[in-house]
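protein_2.txt (compact mmCIF, C-alpha atoms)
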# COMPACT_ATOMS: atom_id res chain seq x y z
CA MET A 12 -55.98 -21.33 -2.80
CA LYS A 13 -56.73 -21.34 -6.51
CA LEU A 14 -60.19 -22.72 -5.84
CA ALA A 15 -60.87 -20.10 -3.18
CA SER A 16 -59.91 -17.25 -5.50
CA LEU A 17 -62.06 -18.71 -8.28
CA ILE A 18 -65.05 -18.89 -5.97
CA LEU A 19 -64.40 -15.33 -4.80
CA SER A 20 -64.13 -14.08 -8.41
CA ALA A 21 -67.33 -15.84 -9.34
CA LEU A 22 -69.15 -14.28 -6.41
CA LEU A 23 -67.85 -10.80 -7.23
CA CYS A 24 -68.71 -11.19 -10.89
CA ALA A 25 -72.21 -12.33 -10.12
CA SER A 26 -72.88 -9.38 -7.90
CA CYS A 27 -71.53 -6.99 -10.54
CA SER A 28 -73.48 -8.19 -13.56
CA THR A 29 -76.83 -8.75 -11.93
CA PRO A 30 -77.35 -6.19 -9.23
CA SER A 31 -80.11 -7.04 -6.86
CA SER A 32 -83.21 -4.89 -7.23
CA ASP A 33 -83.02 -4.44 -3.48
CA SER A 34 -79.62 -2.77 -3.65
CA ILE A 35 -79.75 0.95 -4.14
CA HIS A 36 -78.04 2.35 -7.20
CA GLU A 37 -74.60 3.22 -5.90
CA GLY A 38 -72.30 3.53 -8.85
CA HIS A 39 -72.21 5.62 -11.99
CA LEU A 40 -74.62 4.48 -14.64
CA ALA A 41 -73.49 4.38 -18.25
CA ILE A 42 -75.69 5.27 -21.19
CA SER A 43 -74.79 1.91 -22.72
CA GLN A 44 -76.74 0.27 -19.89
CA VAL A 45 -79.79 2.23 -20.93
CA GLN A 46 -79.82 2.53 -24.69
CA HIS A 47 -80.27 -1.16 -25.42
CA LEU A 48 -83.32 -1.76 -23.30
CA ILE A 49 -86.42 -2.41 -25.36
CA TYR A 50 -88.77 0.36 -24.36
CA GLY A 51 -92.45 -0.38 -24.67
CA LYS A 52 -91.61 -4.00 -23.87
CA VAL A 53 -89.13 -4.22 -21.02
CA THR A 54 -90.69 -4.41 -17.56
CA LEU A 55 -89.57 -2.29 -14.68
CA ASP A 56 -88.42 -5.41 -12.82
CA ASP A 57 -86.12 -6.34 -15.68
CA ALA A 58 -84.82 -2.80 -15.91
CA LEU A 59 -84.11 -2.73 -12.18
CA GLN A 60 -82.14 -5.94 -12.52
CA LYS A 61 -79.86 -4.17 -14.98
CA LEU A 62 -79.74 -0.73 -13.42
CA GLY A 63 -80.09 -1.25 -9.69
CA LYS A 64 -82.52 0.31 -7.28
CA PRO A 65 -83.59 3.88 -8.13
CA ASN A 66 -83.34 6.85 -5.82
CA ARG A 67 -86.92 8.01 -6.20
CA VAL A 68 -90.25 6.93 -7.65
CA ILE A 69 -92.80 9.67 -8.35
CA PRO A 70 -96.39 9.11 -9.54
CA LEU A 71 -97.14 11.54 -12.35
CA LYS A 72 -100.08 13.85 -12.95
CA ARG A 73 -101.93 15.65 -15.69
CA ASP A 74 -101.52 14.04 -19.10
CA LEU A 75 -99.17 11.46 -17.56
CA GLU A 76 -101.71 10.23 -15.03
CA GLY A 77 -101.28 6.46 -14.62
CA MET A 78 -97.53 6.67 -15.17
CA LYS A 79 -94.66 7.00 -12.74
CA ALA A 80 -91.16 8.37 -12.97
CA VAL A 81 -88.41 6.07 -11.74
CA ILE A 82 -85.41 8.24 -11.08
CA TYR A 83 -81.71 7.56 -10.70
CA ASN A 84 -79.76 10.51 -9.36
CA GLU A 85 -76.25 11.34 -10.34
CA VAL A 86 -74.00 9.97 -7.61
CA GLY A 87 -73.82 12.39 -4.71
CA GLN A 88 -76.18 14.88 -6.33
CA GLU A 89 -79.82 15.83 -6.16
CA SER A 90 -80.20 16.00 -9.92
CA GLU A 91 -81.20 13.10 -12.10
CA ARG A 92 -78.96 11.07 -14.32
CA LEU A 93 -81.69 8.84 -15.67
CA THR A 94 -85.48 8.83 -15.59
CA LEU A 95 -87.62 5.91 -16.65
CA LEU A 96 -91.24 6.51 -17.56
CA VAL A 97 -93.25 3.50 -16.42
CA ASP A 98 -96.87 2.54 -17.01
CA ILE A 99 -98.18 1.74 -13.52
CA LYS A 100 -100.80 -0.73 -14.76
CA THR A 101 -98.58 -2.82 -17.02
CA ASN A 102 -95.27 -2.10 -15.28
CA VAL A 103 -93.73 -1.61 -18.73
CA VAL A 104 -91.02 1.01 -19.19
CA GLN A 105 -92.20 3.42 -21.88
CA SER A 106 -89.13 5.57 -22.26
CA ALA A 107 -85.84 6.57 -20.72
CA THR A 108 -84.29 10.01 -20.54
CA TRP A 109 -80.57 10.31 -19.97
CA ALA A 110 -79.23 13.62 -18.64
CA VAL A 111 -76.01 14.75 -20.28
CA LYS A 112 -73.93 16.68 -17.79
CA ALA A 113 -71.51 19.54 -18.43
CA ASN A 114 -68.05 18.59 -19.69
CA GLU A 115 -69.15 15.07 -20.60
CA SER A 116 -68.91 13.47 -23.97
CA LEU A 117 -72.26 13.63 -25.82
CA ARG A 118 -72.56 17.27 -24.77
CA GLN A 119 -71.96 18.36 -28.35
CA VAL A 120 -74.30 17.54 -31.21
CA ASN A 121 -71.48 16.04 -33.27
CA GLU A 122 -70.60 13.73 -30.41
CA VAL A 123 -74.14 12.36 -30.36
CA PHE A 124 -74.02 11.87 -34.11
CA ALA A 125 -70.77 9.97 -33.69
CA ALA A 126 -72.18 7.85 -30.87
CA PHE A 127 -75.17 6.82 -32.97
CA PRO A 128 -73.69 6.63 -36.48
CA ASP A 129 -76.55 4.59 -37.93
CA VAL A 130 -79.28 6.87 -36.71
CA LYS A 131 -80.73 9.39 -39.15
CA PHE A 132 -81.60 12.36 -36.97
CA THR A 133 -83.75 15.20 -38.22
CA SER A 134 -84.08 18.41 -36.24
CA LYS A 135 -86.84 20.88 -35.62
CA PRO A 136 -87.12 23.91 -33.37
CA VAL A 137 -89.11 23.47 -30.18
CA GLY A 138 -91.20 26.51 -31.16
CA ARG A 139 -93.96 27.95 -29.02
CA VAL A 140 -93.96 26.47 -25.53
CA SER A 141 -96.33 28.98 -23.94
CA LYS A 142 -98.47 31.87 -25.03
CA ASP A 143 -95.60 34.34 -24.86
CA TYR A 144 -92.47 32.27 -25.35
CA ILE A 145 -91.07 30.83 -28.52
CA SER A 146 -88.09 28.58 -28.06
CA VAL A 147 -85.37 28.23 -30.66
CA ASP A 148 -83.96 25.17 -28.89
CA GLN A 149 -83.77 22.14 -31.17
CA ILE A 150 -85.05 18.59 -30.87
CA TYR A 151 -83.26 16.00 -32.93
CA SER A 152 -85.15 12.78 -33.39
CA ASP A 153 -85.35 9.62 -35.40
CA GLN A 154 -88.69 7.87 -35.55
CA SER A 155 -87.30 4.55 -36.69
CA THR A 156 -85.01 4.13 -33.69
CA GLY A 157 -87.01 6.14 -31.17
CA ILE A 158 -83.94 8.13 -30.15
CA SER A 159 -84.14 11.86 -29.66
CA PHE A 160 -82.09 14.54 -28.00
CA TYR A 161 -82.60 18.12 -26.91
CA VAL A 162 -80.19 20.97 -27.69
CA ASP A 163 -80.09 24.28 -25.88
CA ALA A 164 -79.79 26.90 -28.64
CA VAL A 165 -77.94 29.54 -26.65
CA HIS A 166 -75.16 27.27 -25.42
CA GLN A 167 -75.38 24.71 -28.24
CA SER A 168 -75.27 21.97 -25.63
CA VAL A 169 -77.06 18.65 -25.61
CA GLN A 170 -79.25 18.53 -22.51
CA HIS A 171 -80.68 15.05 -22.57
CA ILE A 172 -81.08 12.01 -24.76
CA SER A 173 -84.28 9.98 -24.81
CA PHE A 174 -85.11 6.46 -25.87
CA SER A 175 -88.68 5.63 -26.86
CA PRO A 176 -90.51 2.53 -28.05
CA SER A 177 -90.98 3.13 -31.71
CA GLY A 178 -87.93 1.66 -33.32
CA GLN A 179 -85.40 1.15 -30.70
CA ARG A 180 -86.30 -2.49 -30.65
CA LYS A 181 -84.49 -2.68 -33.94
CA LEU A 182 -81.46 -0.94 -32.44
CA ALA A 183 -81.44 -3.16 -29.40
CA GLU A 184 -81.76 -6.34 -31.41
CA LYS A 185 -78.93 -5.17 -33.60
CA ALA A 186 -76.77 -4.41 -30.59
CA PHE A 187 -77.28 -7.80 -29.06
CA MET B 26 -87.55 70.60 -16.23
CA LYS B 27 -87.83 73.33 -18.91
CA PRO B 28 -85.04 74.14 -21.39
CA SER B 29 -83.10 77.34 -20.82
CA ILE B 30 -84.78 80.57 -21.86
CA TRP B 31 -81.96 81.34 -24.35
CA SER B 32 -82.49 78.05 -26.10
CA LEU B 33 -86.16 78.76 -26.49
CA ILE B 34 -85.59 82.30 -27.79
CA PHE B 35 -83.13 80.96 -30.33
CA TYR B 36 -85.60 78.40 -31.57
CA PHE B 37 -88.51 80.81 -31.73
CA LEU B 38 -86.38 83.17 -33.84
CA ILE B 39 -85.31 80.52 -36.31
CA VAL B 40 -88.49 78.50 -36.75
CA SER B 41 -92.15 79.39 -36.41
CA PRO B 42 -93.62 78.99 -32.91
CA PRO B 43 -95.90 75.96 -33.58
CA GLN B 44 -93.01 73.87 -34.76
CA ALA B 45 -90.59 75.25 -32.23
CA LEU B 46 -91.56 73.19 -29.25
CA ALA B 47 -91.79 70.04 -31.28
CA ALA B 48 -88.39 70.64 -32.79
CA ILE B 49 -86.39 71.26 -29.60
CA PRO B 50 -83.81 68.50 -29.49
CA SER B 51 -82.65 66.78 -26.36
CA SER B 52 -79.26 68.43 -26.80
CA LEU B 53 -80.81 71.64 -25.53
CA CYS B 54 -81.98 69.98 -22.36
CA PRO B 55 -79.54 70.00 -19.46
CA LYS B 56 -77.17 67.04 -19.32
CA GLY B 57 -78.86 63.88 -18.11
CA GLN B 58 -82.27 64.92 -19.45
CA HIS B 59 -84.15 64.34 -22.68
CA TRP B 60 -86.82 66.28 -24.50
CA VAL B 61 -90.38 64.95 -24.29
CA LYS B 62 -92.98 66.36 -26.68
CA ALA B 63 -96.42 67.19 -25.33
CA TYR B 64 -98.72 64.17 -25.22
CA HIS B 65 -101.91 62.87 -23.71
CA ARG B 66 -101.08 60.34 -21.04
CA SER B 67 -103.71 57.69 -20.55
CA ALA B 68 -104.46 56.28 -17.12
CA TYR B 69 -101.86 53.73 -16.08
CA VAL B 70 -100.54 51.59 -13.22
CA ARG B 71 -97.05 52.12 -11.83
CA ALA B 72 -94.78 49.28 -10.73
CA ASP B 73 -95.86 49.64 -7.11
CA GLY B 74 -99.50 49.32 -8.11
CA VAL B 75 -100.37 53.01 -7.73
CA ARG B 76 -102.89 54.08 -10.37
CA PHE B 77 -102.54 57.36 -12.22
CA SER B 78 -105.46 59.00 -13.97
CA ALA B 79 -105.27 60.36 -17.51
CA SER B 80 -103.78 63.80 -18.04
CA ASP B 81 -102.24 66.06 -20.67
CA VAL B 82 -98.49 66.23 -20.28
CA GLN B 83 -96.80 69.43 -21.46
CA ALA B 84 -93.61 69.35 -23.45
CA HIS B 85 -90.65 69.29 -21.14
CA CYS B 86 -87.11 68.16 -20.49
CA ARG B 87 -87.24 65.01 -18.44
CA ILE B 88 -84.57 63.57 -16.22
CA ASN B 89 -83.30 60.41 -17.88
CA PRO B 90 -84.38 57.29 -16.06
CA PRO B 91 -81.44 55.03 -15.13
CA SER B 92 -82.10 52.81 -18.11
CA PHE B 93 -82.48 55.62 -20.63
CA ALA B 94 -79.12 55.61 -22.40
CA LEU B 95 -79.26 51.93 -23.25
CA TRP B 96 -82.92 51.25 -23.72
CA SER B 97 -84.12 54.33 -25.58
CA GLU B 98 -82.04 53.09 -28.50
CA ARG B 99 -83.62 49.66 -28.30
CA LEU B 100 -87.25 50.69 -28.62
CA SER B 101 -87.29 49.81 -32.25
CA ASP B 102 -89.76 50.55 -35.02
CA LYS B 103 -88.25 47.91 -37.27
CA PRO B 104 -89.17 44.46 -36.06
CA SER B 105 -87.05 41.57 -37.20
CA LEU B 106 -88.30 39.28 -39.90
CA ARG B 107 -89.38 36.55 -37.49
CA TRP B 108 -92.16 38.76 -36.12
CA LEU B 109 -93.31 39.84 -39.56
CA LYS B 110 -93.14 36.24 -40.73
CA ASN B 111 -95.52 35.37 -37.92
CA GLY B 112 -97.93 37.91 -39.41
CA GLU B 113 -97.64 40.35 -36.51
CA LYS B 114 -98.41 43.97 -37.35
CA LEU B 115 -96.22 46.85 -36.27
CA ARG B 116 -97.46 49.91 -34.42
CA PRO B 117 -95.08 52.89 -34.23
CA TRP B 118 -94.05 53.86 -30.70
CA SER B 119 -95.93 56.88 -29.38
CA VAL B 120 -94.20 59.41 -27.12
CA GLU B 121 -96.34 58.25 -24.21
CA GLU B 122 -95.49 54.58 -24.73
CA ARG B 123 -91.78 55.25 -25.01
CA GLU B 124 -91.81 57.22 -21.78
CA ARG B 125 -93.84 54.59 -19.98
CA VAL B 126 -91.57 51.74 -21.04
CA LEU B 127 -88.44 53.65 -20.07
CA GLU B 128 -89.93 54.47 -16.71
CA ALA B 129 -91.07 50.89 -16.20
CA LEU B 130 -87.63 49.51 -17.02
CA SER B 131 -86.06 51.82 -14.50
CA GLU B 132 -88.28 50.31 -11.81
CA LEU B 133 -87.06 46.76 -12.42
CA PRO B 134 -83.92 45.26 -10.86
CA PRO B 135 -80.88 45.71 -13.12
CA THR B 136 -80.07 41.99 -12.99
CA LEU B 137 -83.37 41.29 -14.69
CA ILE B 138 -82.96 43.85 -17.47
CA ILE B 139 -80.63 41.59 -19.30
CA ASP B 140 -78.44 43.03 -22.03
CA SER B 141 -79.12 40.19 -24.45
CA VAL B 142 -82.49 41.79 -25.19
CA LYS B 143 -81.48 43.86 -28.18
CA ALA B 144 -84.86 45.22 -29.20
CA LEU B 145 -88.33 45.94 -27.90
CA TYR B 146 -91.02 46.21 -30.57
CA ARG B 147 -94.46 47.76 -30.46
CA LEU B 148 -96.97 45.48 -32.11
CA GLN B 149 -100.74 45.60 -32.45
CA LYS B 150 -102.19 42.33 -31.28
CA SER B 151 -100.89 38.86 -30.58
CA LEU B 152 -102.03 36.66 -33.43
CA ALA B 153 -101.42 33.48 -31.45
CA TYR B 154 -103.24 34.62 -28.30
CA GLY B 155 -105.38 37.76 -28.55
CA GLU B 156 -105.35 38.46 -24.83
CA ASN B 157 -101.59 38.55 -24.64
CA PRO B 158 -99.87 41.79 -23.54
CA ALA B 159 -96.40 40.71 -24.68
CA ALA B 160 -94.32 37.93 -26.16
CA GLY B 161 -90.65 37.14 -26.49
CA GLU B 162 -88.30 35.50 -28.91
CA SER B 163 -84.59 35.12 -28.45
CA GLY B 164 -83.21 38.61 -27.67
CA GLU B 165 -86.41 40.40 -28.61
CA ILE B 166 -89.62 41.40 -26.86
CA GLY B 167 -92.84 42.47 -28.51
CA LEU B 168 -95.33 44.61 -26.60
CA TYR B 169 -98.95 44.53 -27.77
CA ASP B 170 -101.75 47.08 -27.30
CA LEU B 171 -102.88 45.26 -24.17
CA ALA B 172 -99.58 46.09 -22.43
CA PHE B 173 -100.60 49.75 -22.48
CA ASN B 174 -104.12 49.16 -21.24
CA SER B 175 -105.00 51.38 -18.27
CA LYS B 176 -105.39 48.30 -16.06
CA THR B 177 -102.18 46.57 -17.09
CA ASN B 178 -99.16 46.85 -14.85
CA LEU B 179 -96.54 47.41 -17.55
CA PRO B 180 -93.50 46.89 -15.29
CA ARG B 181 -94.99 43.57 -14.27
CA VAL B 182 -95.48 42.55 -17.90
CA LEU B 183 -91.91 43.55 -18.68
CA SER B 184 -90.55 41.69 -15.67
CA HIS B 185 -92.19 38.52 -16.96
CA GLU B 186 -90.80 38.91 -20.47
CA PHE B 187 -87.31 39.77 -19.30
CA ALA B 188 -87.41 36.75 -16.99
CA HIS B 189 -87.95 34.57 -20.06
CA GLU B 190 -84.80 36.02 -21.58
CA LEU B 191 -82.92 35.64 -18.32
CA TYR B 192 -83.86 31.97 -18.25
CA ARG B 193 -82.85 31.59 -21.88
CA GLN B 194 -79.40 32.96 -21.09
CA PHE B 195 -78.93 30.89 -17.94
CA SER B 196 -75.96 28.57 -18.00
CA ASP B 197 -76.70 24.86 -18.09
CA ALA B 198 -75.79 24.67 -14.42
CA GLU B 199 -78.22 27.46 -13.50
CA LYS B 200 -81.05 25.83 -15.43
CA GLU B 201 -80.26 22.57 -13.69
CA GLN B 202 -80.32 24.22 -10.26
CA TYR B 203 -83.67 25.82 -10.97
CA ARG B 204 -85.08 22.61 -12.45
CA VAL B 205 -84.20 20.60 -9.38
CA THR B 206 -85.43 23.31 -7.00
CA ALA B 207 -88.73 23.74 -8.81
CA GLU B 208 -89.20 19.96 -9.14
CA TRP B 209 -89.24 19.56 -12.88
CA LEU B 210 -88.45 16.04 -14.06
CA LEU B 211 -86.56 14.95 -17.13
CA ILE B 212 -89.06 12.74 -18.91
CA LYS B 213 -89.67 11.85 -22.51
CA ASN B 214 -93.42 11.97 -22.78
CA ASN B 215 -94.50 9.91 -25.75
CA ARG B 216 -98.06 11.13 -25.49
CA THR B 217 -97.00 14.59 -26.59
CA PRO B 218 -93.72 14.03 -28.38
CA GLY B 219 -91.39 16.97 -28.52
CA VAL B 220 -93.48 19.14 -26.26
CA TYR B 221 -93.02 17.91 -22.73
CA GLN B 222 -89.39 17.07 -22.37
CA LEU B 223 -89.71 18.32 -18.82
CA VAL B 224 -92.59 17.37 -16.58
CA PRO B 225 -93.53 19.16 -13.39
CA ALA B 226 -93.76 17.06 -10.23
CA ARG B 227 -95.48 19.83 -8.27
CA ASP B 228 -99.25 19.85 -7.82
CA ASP B 229 -101.23 22.42 -9.78
CA LYS B 230 -102.03 24.23 -6.56
CA ASN B 231 -98.33 24.89 -6.05
CA PHE B 232 -98.02 27.02 -9.17
CA VAL B 233 -98.67 30.77 -8.95
CA GLU B 234 -100.35 30.76 -12.37
CA SER B 235 -102.37 28.08 -14.13
CA ASP B 236 -100.07 28.13 -17.16
CA GLY B 237 -97.01 27.34 -15.02
CA PRO B 238 -97.10 23.58 -15.62
CA GLU B 239 -96.96 24.17 -19.39
CA SER B 240 -93.21 24.67 -19.40
CA MET B 241 -90.31 25.33 -17.10
CA THR B 242 -89.61 28.73 -18.65
CA GLU B 243 -93.19 29.85 -18.08
CA ASP B 244 -93.00 28.63 -14.51
CA PHE B 245 -89.71 30.49 -14.02
CA SER B 246 -91.05 33.75 -15.47
CA ASN B 247 -94.21 33.54 -13.40
CA ASN B 248 -92.16 32.95 -10.28
CA VAL B 249 -89.79 35.86 -10.92
CA GLU B 250 -92.78 38.10 -11.63
CA TYR B 251 -94.43 37.05 -8.36
CA PHE B 252 -91.18 37.36 -6.44
CA LEU B 253 -91.14 41.04 -7.40
CA PHE B 254 -94.84 41.87 -7.36
CA ALA B 255 -96.53 39.36 -5.05
CA PRO B 256 -93.81 37.64 -3.00
CA GLU B 257 -96.18 36.39 -0.32
CA ILE B 258 -98.12 34.33 -2.84
CA LEU B 259 -94.92 32.82 -4.23
CA LYS B 260 -93.67 32.05 -0.74
CA GLN B 261 -96.92 30.32 0.06
CA LYS B 262 -97.18 28.34 -3.19
CA THR B 263 -93.61 27.26 -3.59
CA PRO B 264 -91.28 28.45 -0.82
CA ARG B 265 -88.27 26.59 -2.19
CA VAL B 266 -88.41 28.60 -5.40
CA HIS B 267 -88.91 31.84 -3.50
CA ASP B 268 -85.82 31.13 -1.44
CA TRP B 269 -83.84 30.07 -4.49
CA ILE B 270 -84.59 33.34 -6.31
CA LYS B 271 -83.73 35.31 -3.21
CA LYS B 272 -80.43 33.53 -2.75
CA LYS B 273 -79.59 33.55 -6.45
CA PHE B 274 -80.18 37.23 -7.16
CA GLY B 275 -79.52 38.77 -3.76
CA ASP B 276 -81.13 41.48 -1.71
CA ASN B 277 -81.07 44.06 -4.51
CA PHE B 278 -83.40 41.98 -6.63
CA LYS B 279 -86.45 44.11 -5.95
CA LEU B 280 -88.52 46.91 -7.44
CA GLY B 281 -87.12 50.39 -7.35
CA ARG B 282 -84.83 52.64 -9.25
CA GLY B 283 -82.24 50.51 -10.99
CA SER B 284 -78.78 51.47 -12.11
CA LYS B 285 -78.64 50.42 -15.74

Let me see the structure of the file written as structure tokens.
Amino acid sequence: MKLASLILSALLCASCSTPSSDSIHEGHLAISQVQHLIYGKVTLDDALQKLGKPNRVIPLKRDLEGMKAVIYNEVGQESERLTLLVDIKTNVVQSATWAVKANESLRQVNEVFAAFPDVKFTSKPVGRVSKDYISVDQIYSDQSTGISFYVDAVHQSVQHISFSPSGQRKLAEKAF
Amino acid sequence: MKPSIWSLIFYFLIVSPPQALAAIPSSLCPKGQHWVKAYHRSAYVRADGVRFSASDVQAHCRINPPSFALWSERLSDKPSLRWLKNGEKLRPWSVEERERVLEALSELPPTLIIDSVKALYRLQKSLAYGENPAAGESGEIGLYDLAFNSKTNLPRVLSHEFAHELYRQFSDAEKEQYRVTAEWLLIKNNRTPGVYQLVPARDDKNFVESDGPESMTEDFSNNVEYFLFAPEILKQKTPRVHDWIKKKFGDNFKLGRGSK
């Protein structure tokens, strides 16, 4: 009996920690699963091992030609929770963008500061985004960690948090 | 409509005739009307696309457009510092321009004429883009000389600028709904850091204007503008967005006399 339950636990544990890349992403992702990946180095296959199978893969155009978006939707919704930007040729994940939903923690700027206490964010307004529109939204970023986030100025709400190559290797190594 | 004969006699007795007409205040016009000094009206295009040739307009009392009470106060000659800091140069509102803007606003759907726009300024020329009829910052719209060009559809220009403000004031949930409908993706693009936080998944041919892929707000404003002024093109290019706007704003979201 004891042996049987041990075997069962082992099987369950194995399926939890290393989801098969063939299994579609079914549960809620956590930002902690995303922030420690080493962007600019981690391959899509490795990322899929950690995150599960995405909902959609979309080849990109214009200045992102040669890249694809690997998208995980929020459970039961059409909107994204996480998007990975992947170089099609090298299969390396270049960045990840995590959508912060309403009423979640990390929705407020101070909550992001608290979640990343070692990161030295500096902010700048988005500025002109088209010939007739100047945005006063803010982008907070830190070059050394490669973490940035976007704040809607009207509602003072964090919209999404991104992880890029430039220094996050340092953060990831520190975390592990 | 002309002011009452007694009002005119009173004014002609008190002040000399040349100044009299110019000095008649709106208070002497019947209720619901305002005094318009004589002016030369240049050729212009109305919201429905009908062109009017130039003519001399006599001084008269004019029935207030639906938007008059609110918006006549917001046609400001004192631009905020952010415009002056950008080096933009002010041009005082002429009688003709004021009347045209008030008329144009009354043609747009009330939902679009969002109250968070606290001022409309008259400026000379866009320093960032010379061929720009208008520009917007948070709660403010600047109209350049080009907006009053005889070939420019001023209501259309205003619809685009107000749509920017409408988008700006959208709740997070509304922005999210539009983003998903219009197929904008959340992507951190390292090739242009800070600029493209959102990337369009639609093909270029599915945008009504070539500058649509530049940003989601530009795409939204273009689409609202086309929904009102060229709905068939919007329906053909991106039917999902057309249907979303229709469902979101309802059947009254169309050109015509508004109620604000």

Surrounding residues of Arg66 of chain B excluding itself and chain neighbours under 4 positions, 6 Å, all atoms listed in the file, as a list in words: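 Returned residues: Ala79, Ser80 and Asp81 of chain B.
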
Residue among A:Asp129, A:Tyr144, A:Val111, A:Glu122 lying closest to Tyr161 of chain A, counting all atoms listed in the file: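 Among the listed residues, A:Val111 lies closest to Tyr161 of chain A.
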
Residue nearest Leu117 of chain A - candidates A:Leu40, A:Leu95, A:Ile69, A:Val162, atoms counted: all atoms listed in the file: A:Val162

I want to know what sits within 12 Å of Ala226 of chain B, based on all atoms listed in the file, with residues of the same chain fewer than 2 positions away left out; could you give that as a CSV table (one decimal) with C-alpha atoms, in the coordinates of the input?
chain,number,residue,atom,x,y,z
A,68,VAL,CA,-90.2,6.9,-7.6
A,69,ILE,CA,-92.8,9.7,-8.4
A,70,PRO,CA,-96.4,9.1,-9.5
A,71,LEU,CA,-97.1,11.5,-12.4
A,72,LYS,CA,-100.1,13.8,-13.0
A,73,ARG,CA,-101.9,15.6,-15.7
A,75,LEU,CA,-99.2,11.5,-17.6
A,76,GLU,CA,-101.7,10.2,-15.0
A,79,LYS,CA,-94.7,7.0,-12.7
A,80,ALA,CA,-91.2,8.4,-13.0
B,204,ARG,CA,-85.1,22.6,-12.4
B,205,VAL,CA,-84.2,20.6,-9.4
B,206,THR,CA,-85.4,23.3,-7.0
B,207,ALA,CA,-88.7,23.7,-8.8
B,208,GLU,CA,-89.2,20.0,-9.1
B,209,TRP,CA,-89.2,19.6,-12.9
B,210,LEU,CA,-88.4,16.0,-14.1
B,211,LEU,CA,-86.6,15.0,-17.1
B,212,ILE,CA,-89.1,12.7,-18.9
B,223,LEU,CA,-89.7,18.3,-18.8
B,224,VAL,CA,-92.6,17.4,-16.6
B,228,ASP,CA,-99.2,19.8,-7.8
B,229,ASP,CA,-101.2,22.4,-9.8
B,230,LYS,CA,-102.0,24.2,-6.6
B,231,ASN,CA,-98.3,24.9,-6.0
B,232,PHE,CA,-98.0,27.0,-9.2
B,237,GLY,CA,-97.0,27.3,-15.0
B,238,PRO,CA,-97.1,23.6,-15.6
B,240,SER,CA,-93.2,24.7,-19.4
B,241,MET,CA,-90.3,25.3,-17.1

Contact set, chain A to chain B: 7 Å, all atoms listed in the file, as a PyMOL selection string: chain A and resi 71+90+94+96+106-108+140-146+150+165+173

Atom CA of Val104 of chain A to atom CA of Gly157 of chain A, distance in Å rounded to a single decimal: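 Pair atom CA of Val104 of chain A / atom CA of Gly157 of chain A returns 13.6 Å.
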
Pairwise distance for atom CA of Trp269 of chain B and atom CA of Lys200 of chain B, rounded to one decimal in Å: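 These two atoms are separated by 12.1 Å.
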
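Using only C-alpha atoms, the nearest neighbour of Ala129 of chain B within the list B:Trp60, B:Tyr69, B:Phe252, B:Phe245 is B:Tyr69.
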
d(atom CA of Gln167 of chain A, atom CA of Trp96 of chain B) in Å: 28.0 Å

Contacts of Val137 of chain A at 7 Å (all atoms listed in the file; same-chain gap of 2+ positions) as a compact mmCIF listing (two decimals) with C-alpha atoms, keeping the file's coordinate frame:
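Full text of result_36.txt as output:
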# COMPACT_ATOMS: atom_id res chain seq x y z
CA LYS A 135 -86.84 20.88 -35.62
CA ARG A 139 -93.96 27.95 -29.02
CA SER A 146 -88.09 28.58 -28.06
CA VAL A 147 -85.37 28.23 -30.66
CA ASP A 148 -83.96 25.17 -28.89
CA GLN A 149 -83.77 22.14 -31.17
CA ILE A 150 -85.05 18.59 -30.87

Pick from B:Leu280, B:Leu191, B:Leu168, B:Ala84, whichever lies nearest to Leu145 of chain B using all atoms listed in the file: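 Looking at the shortest contact to Leu145 of chain B, the residue is B:Leu168.
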
Pick from A:Gln170, A:Asn114, A:Asn66, A:Ser175 nearest to Val45 of chain A, counting only C-alpha atoms: A:Ser175

Selected residue of minimal separation from Glu121 of chain B among B:Tyr64, B:Phe77, B:Phe254, B:Phe173, counting all atoms listed in the file: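 Among B:Tyr64, B:Phe77, B:Phe254, B:Phe173, it is B:Tyr64 that comes nearest to Glu121 of chain B.
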
Surrounding residues of Ser97 of chain B excluding itself and chain neighbours under 4 positions, 8 Å, only C-alpha atoms, as a list of chain:residue names: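 Counting only C-alpha atoms, the residues come to B:Ser92, B:Phe93, B:Arg123, B:Leu127.
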
Just the selected residues (C-alpha atoms), exported as a compact mmCIF listing (two decimals), in the frame of the given file, please.
# COMPACT_ATOMS: atom_id res chain seq x y z
CA SER B 92 -82.10 52.81 -18.11
CA PHE B 93 -82.48 55.62 -20.63
CA ARG B 123 -91.78 55.25 -25.01
CA LEU B 127 -88.44 53.65 -20.07

Would you mind completing segment 97-101 of chain B to N, CA and C atoms and writing the output as a PDB file, keeping the file's coordinate frame?
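The resulting file, selection.pdb, is reproduced below:
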ATOM      1  N   SER B  97     -83.414  53.455 -24.641  1.00  0.00           N
ATOM      2  CA  SER B  97     -84.120  54.330 -25.580  1.00  0.00           C
ATOM      3  C   SER B  97     -83.728  53.980 -27.019  1.00  0.00           C
ATOM      4  N   GLU B  98     -82.503  53.486 -27.171  1.00  0.00           N
ATOM      5  CA  GLU B  98     -82.040  53.090 -28.500  1.00  0.00           C
ATOM      6  C   GLU B  98     -82.657  51.753 -28.937  1.00  0.00           C
ATOM      7  N   ARG B  99     -83.142  51.016 -27.969  1.00  0.00           N
ATOM      8  CA  ARG B  99     -83.620  49.660 -28.300  1.00  0.00           C
ATOM      9  C   ARG B  99     -85.128  49.569 -28.474  1.00  0.00           C
ATOM     10  N   LEU B 100     -85.810  50.683 -28.315  1.00  0.00           N
ATOM     11  CA  LEU B 100     -87.250  50.690 -28.620  1.00  0.00           C
ATOM     12  C   LEU B 100     -87.351  50.880 -30.126  1.00  0.00           C
ATOM     13  N   SER B 101     -87.476  49.783 -30.806  1.00  0.00           N
ATOM     14  CA  SER B 101     -87.290  49.810 -32.250  1.00  0.00           C
ATOM     15  C   SER B 101     -88.616  49.822 -33.007  1.00  0.00           C
TER      16      SER B 101
END
